[in-house]
Amino acid sequence: MHAWPASEVPALPGKGRDLRIHDTATGGRITLDPGPVARIYVCGITPYDATHMGHAATYNAFDLVQRVWLDTKRQVHYVQNVTDVDDPLLERAVRDGEDWTELAERETALFREDMTALRMLPPQHYIGAVEAIPGIVPLVERLRDAGAAYELDGDVYFSVESDPHFGEVSGLDAEAMRLLSAERGGDPERPGKKNPLDPMLWMAAREGEPSWDGGTLGPGRPGWHIECVAIALDHLGMGFDVQGGGSDLAFPHHEMGASHAQVLTGEHPFARAYVHAGMVGLNGEKMSKSKGNLVFVSALRREDVDPAAIRLALLSHHYRSDWEWTDQVREALADDLDAPAALAAVDRWAAAQTSGGGTDESAPGLVSRTVDALLGVAL
Ligand code: ZN
């Protein structure tokens, strides 16, 4: 699958510092020391609805991670997936009487447009679940053959107890995991599972749903966690620098993915840091599809909101904090009143350089290049 066009990142004089970032697994900030090529995997969208501000905030956070690395003069190897077959996508297609592949293609195209407008750096590998299936099947077969997965009425489940490190990403206790599993696509109540938390690796073909050749697994489709593992191992390998996503992905998605990969390879960890962005709310509630309170990037663009203003709104909140999208935020931004510390520093610098007949004629250009390179905003 193709990604979206890259905006150029201007090179700045000197060299930035190594990124220190909050890692969910250790619960504290760690300094990452990637090799000459920093490796990052960010979980992508399930394309059944347009990009909302919560998505945009998440991708903005990981865009900044890359810009910090680029400023250390490293290359960045960035991989993102598109979950272009999954229950919510199929359910939406049935609800709207639309072909699921057309829905996925349209919403993925809109996501690309939104990312382009917001000047998010594109991944080098943008991989759909469907195109990853030939690589997923042998991984599930290997887990099964190693005794780390089992069959239940034709479906294949991963046994969380096969990974001694299970639980280390989220740090949650069993009860909290069970509640989140039920909330976030798991099936802890299904009878016959060895452990209620065990996630599905391969779902046997269902009547009226698409399915693919699963080799010895039989026809079916892949689970969500193994999708990301197959793509990450294929393009980044074990021990890559950052796995990123919204805070609602820490459990079960990133926990399960880490366990799948660790059992498959016998190595630990899957990622050196698990980094999670805060949730965006609207009028006191988390912005979510189920609540129907989404603010869409494409809708803002249609209302002629400058994408740079949307990006500044994202930048005005620390990536880990949960925050609210309100029209107030938008108005504050229109006046550039609610800018973050980084922008304020740039402003002061720009003012110092340009007032009082500054002698450095290259300064204004450097200011705009800095804001462009580090914050992704072209002035
Ligand atoms: Zn993922």
# chains A, B, ... in the order shown; residues from 1 in each chain; ligands from 1
$ residues_near_ligand --ligand "ligand 1" --cutoff "10 Å" --atoms "only C-alpha atoms and all ligand atoms" --output "list in words"
Tyr41, Val42, Cys43, Gly44, Ile45, Gln80, Asn81, Val82, Thr83, Trp224, His225, Ile226, Glu227, Cys228, Val229, Ile231, Ala232, Gln243, Gly244, Gly245, Leu249, Ala250, His253, His254, Met256 and Gly257 of chain A
$ residues_around --residues "His318 of chain A" --least-positions-apart "5" --cutoff "9 Å" --atoms "only C-alpha atoms" --output "NGL selection string"
:A and (61 or 277-278 or 323 or 340)
$ write_last_selection --atoms "all heavy atoms" --output "CSV table (one decimal), in the first residue's frame"
chain,number,residue,atom,x,y,z
A,61,ALA,N,2.2,13.2,17.8
A,61,ALA,CA,3.2,12.9,18.8
A,61,ALA,C,4.4,12.1,18.1
A,61,ALA,O,5.6,12.4,18.4
A,61,ALA,CB,2.6,12.1,19.9
A,277,ALA,N,0.1,8.2,23.5
A,277,ALA,CA,-0.4,9.5,23.5
A,277,ALA,C,-1.7,9.6,24.2
A,277,ALA,O,-2.5,8.6,24.2
A,277,ALA,CB,-0.5,10.0,22.0
A,278,GLY,N,-2.0,10.7,24.8
A,278,GLY,CA,-3.3,10.9,25.5
A,278,GLY,C,-4.5,10.9,24.6
A,278,GLY,O,-4.4,11.0,23.4
A,323,TRP,N,-6.8,15.8,26.7
A,323,TRP,CA,-7.3,17.2,26.5
A,323,TRP,C,-8.6,17.2,25.8
A,323,TRP,O,-9.0,16.3,25.2
A,323,TRP,CB,-6.2,18.0,25.9
A,323,TRP,CG,-5.6,17.6,24.6
A,323,TRP,CD1,-4.7,16.6,24.4
A,323,TRP,CD2,-6.0,18.1,23.3
A,323,TRP,NE1,-4.5,16.5,23.0
A,323,TRP,CE2,-5.2,17.3,22.3
A,323,TRP,CE3,-6.9,19.1,22.8
A,323,TRP,CZ2,-5.3,17.6,21.0
A,323,TRP,CZ3,-6.9,19.3,21.4
A,323,TRP,CH2,-6.2,18.5,20.5
A,340,PRO,N,2.5,26.2,22.7
A,340,PRO,CA,3.2,25.5,23.7
A,340,PRO,C,4.6,26.2,24.0
A,340,PRO,O,5.0,27.2,23.3
A,340,PRO,CB,3.5,24.2,23.2
A,340,PRO,CG,3.5,24.4,21.7
A,340,PRO,CD,2.5,25.5,21.5
$ residues_around --residues "segment 135-152 of chain A" --least-positions-apart "5" --cutoff "12 Å" --atoms "only C-alpha atoms" --output "PyMOL selection string"
chain A and resi 127-130+157-164+190-195+198-204+212-235+259-266
$ closest_residue --among "A:Ala205, A:Gly186, A:Glu175, A:Ala109" --to "Asp155 of chain A" --atoms "only C-alpha atoms"
A:Ala205
$ residues_around --residues "Val65 of chain A" --least-positions-apart "5" --cutoff "9 Å" --atoms "only C-alpha atoms" --output "PyMOL selection string"
chain A and resi 19+21+60+70
$ write_last_selection --atoms "C-alpha atoms" --output "PDB file, in the first residue's frame"
ATOM      1  CA  LEU A  19      15.280  11.743  22.792  1.00  0.00           C
ATOM      2  CA  ILE A  21      10.704   9.844  26.497  1.00  0.00           C
ATOM      3  CA  ASN A  60       1.432  14.247  15.676  1.00  0.00           C
ATOM      4  CA  LEU A  70      16.187  13.517  12.367  1.00  0.00           C
TER       5      LEU A  70
END
$ select_by_dssp --residues "segment 26-158 of chain A" --states "strand (DSSP E or B)" --output "PyMOL selection string"
chain A and resi 28-31+37-42+52+75-82+125-128+149-152+155-158
$ closest_residue --among "A:Glu91, A:Glu8, A:Glu255, A:Asp18" --to "Met177 of chain A" --atoms "only C-alpha atoms"
A:Glu255
$ closest_residue --among "A:Ala132, A:Val297, A:Ile40, A:Ala57" --to "Ser321 of chain A" --atoms "only C-alpha atoms"
A:Ala57
$ atom_distance --atom1 "atom CA of Thr101 of chain A" --atom2 "atom CA of Ala117 of chain A"
24.3 Å
$ atom_distance --atom1 "atom CA of Ser170 of chain A" --atom2 "atom CA of Arg272 of chain A"
13.8 Å
$ residues_around --residues "Ala56 of chain A" --least-positions-apart "2" --cutoff "9 Å" --atoms "only C-alpha atoms" --output "PyMOL selection string"
chain A and resi 51-54+58-61+114-115+118+297+311+314
$ closest_residue --among "A:Gly27, A:Val280, A:His77, A:Arg39" --to "Met238 of chain A" --atoms "only C-alpha atoms"
A:Arg39
$ closest_residue --among "A:Thr46, A:Ser7, A:Thr116, A:Thr108" --to "Arg301 of chain A" --atoms "only C-alpha atoms"
A:Thr116
$ select_by_dssp --residues "segment 229-337 of chain A" --states "alpha helix (DSSP H)" --output "PyMOL selection string"
chain A and resi 229-235+255-265+297-302+307-315+327-334
$ residues_around --residues "Gly376 of chain A" --least-positions-apart "6" --cutoff "10 Å" --atoms "only C-alpha atoms" --output "mmCIF file with N, CA, C and O atoms, in the first residue's frame"
data_model
loop_
_atom_site.group_PDB
_atom_site.id
_atom_site.type_symbol
_atom_site.label_atom_id
_atom_site.label_comp_id
_atom_site.auth_asym_id
_atom_site.auth_seq_id
_atom_site.Cartn_x
_atom_site.Cartn_y
_atom_site.Cartn_z
ATOM 1 N N SER A 7 6.615 15.947 3.185
ATOM 2 C CA SER A 7 7.053 17.342 3.115
ATOM 3 C C SER A 7 8.532 17.332 3.507
ATOM 4 O O SER A 7 8.983 16.497 4.277
ATOM 5 N N GLU A 8 9.269 18.258 2.951
ATOM 6 C CA GLU A 8 10.707 18.266 3.200
ATOM 7 C C GLU A 8 11.003 18.727 4.631
ATOM 8 O O GLU A 8 10.326 19.600 5.165
ATOM 9 N N VAL A 9 11.991 18.114 5.256
ATOM 10 C CA VAL A 9 12.412 18.537 6.597
ATOM 11 C C VAL A 9 13.724 19.296 6.444
ATOM 12 O O VAL A 9 14.749 18.709 6.095
ATOM 13 N N ASN A 60 0.600 13.068 15.443
ATOM 14 C CA ASN A 60 1.432 14.247 15.676
ATOM 15 C C ASN A 60 2.559 13.926 16.672
ATOM 16 O O ASN A 60 3.714 14.306 16.464
ATOM 17 N N ASP A 63 5.155 11.916 14.979
ATOM 18 C CA ASP A 63 5.840 12.751 13.996
ATOM 19 C C ASP A 63 6.955 13.542 14.696
ATOM 20 O O ASP A 63 8.068 13.671 14.187
ATOM 21 N N LEU A 64 6.642 14.041 15.906
ATOM 22 C CA LEU A 64 7.648 14.802 16.661
ATOM 23 C C LEU A 64 8.821 13.916 17.079
ATOM 24 O O LEU A 64 9.977 14.352 17.054
ATOM 25 N N ARG A 67 11.037 13.788 14.209
ATOM 26 C CA ARG A 67 11.730 15.050 13.941
ATOM 27 C C ARG A 67 12.895 15.256 14.912
ATOM 28 O O ARG A 67 13.942 15.793 14.538
ATOM 29 N N LEU A 118 -1.683 17.882 7.181
ATOM 30 C CA LEU A 118 -1.086 18.202 8.487
ATOM 31 C C LEU A 118 0.442 18.105 8.461
ATOM 32 O O LEU A 118 1.094 18.334 9.469
ATOM 33 N N ARG A 119 0.988 17.744 7.315
ATOM 34 C CA ARG A 119 2.434 17.645 7.108
ATOM 35 C C ARG A 119 3.087 16.623 8.037
ATOM 36 O O ARG A 119 4.180 16.818 8.558
ATOM 37 N N MET A 120 2.376 15.501 8.237
ATOM 38 C CA MET A 120 2.946 14.387 9.003
ATOM 39 C C MET A 120 3.905 13.631 8.088
ATOM 40 O O MET A 120 3.575 13.337 6.936
ATOM 41 N N LEU A 121 5.066 13.273 8.623
ATOM 42 C CA LEU A 121 6.020 12.501 7.826
ATOM 43 C C LEU A 121 5.424 11.127 7.521
ATOM 44 O O LEU A 121 4.866 10.481 8.406
ATOM 45 N N ALA A 308 -2.403 24.197 9.259
ATOM 46 C CA ALA A 308 -1.341 24.616 10.193
ATOM 47 C C ALA A 308 -1.942 24.987 11.549
ATOM 48 O O ALA A 308 -1.344 24.751 12.594
ATOM 49 N N ARG A 311 -2.656 21.832 13.317
ATOM 50 C CA ARG A 311 -1.394 21.294 13.827
ATOM 51 C C ARG A 311 -0.948 22.066 15.077
ATOM 52 O O ARG A 311 -0.455 21.480 16.048
ATOM 53 N N LEU A 312 -1.130 23.365 15.073
ATOM 54 C CA LEU A 312 -0.777 24.163 16.258
ATOM 55 C C LEU A 312 -1.657 23.785 17.447
ATOM 56 O O LEU A 312 -1.205 23.775 18.585
ATOM 57 N N LEU A 315 -0.126 20.790 18.816
ATOM 58 C CA LEU A 315 1.146 21.104 19.463
ATOM 59 C C LEU A 315 0.971 21.824 20.789
ATOM 60 O O LEU A 315 1.875 21.855 21.607
ATOM 61 N N ARG A 369 12.571 27.828 9.294
ATOM 62 C CA ARG A 369 13.060 26.467 9.050
ATOM 63 C C ARG A 369 13.008 25.627 10.322
ATOM 64 O O ARG A 369 12.724 24.443 10.287
ATOM 65 N N THR A 370 13.266 26.258 11.473
ATOM 66 C CA THR A 370 13.227 25.536 12.747
ATOM 67 C C THR A 370 11.807 25.062 13.053
ATOM 68 O O THR A 370 11.587 23.906 13.426
#
$ closest_residue --among "A:Phe270, A:Pro47, A:Arg74, A:Gly28" --to "Lys15 of chain A" --atoms "only C-alpha atoms"
A:Arg74
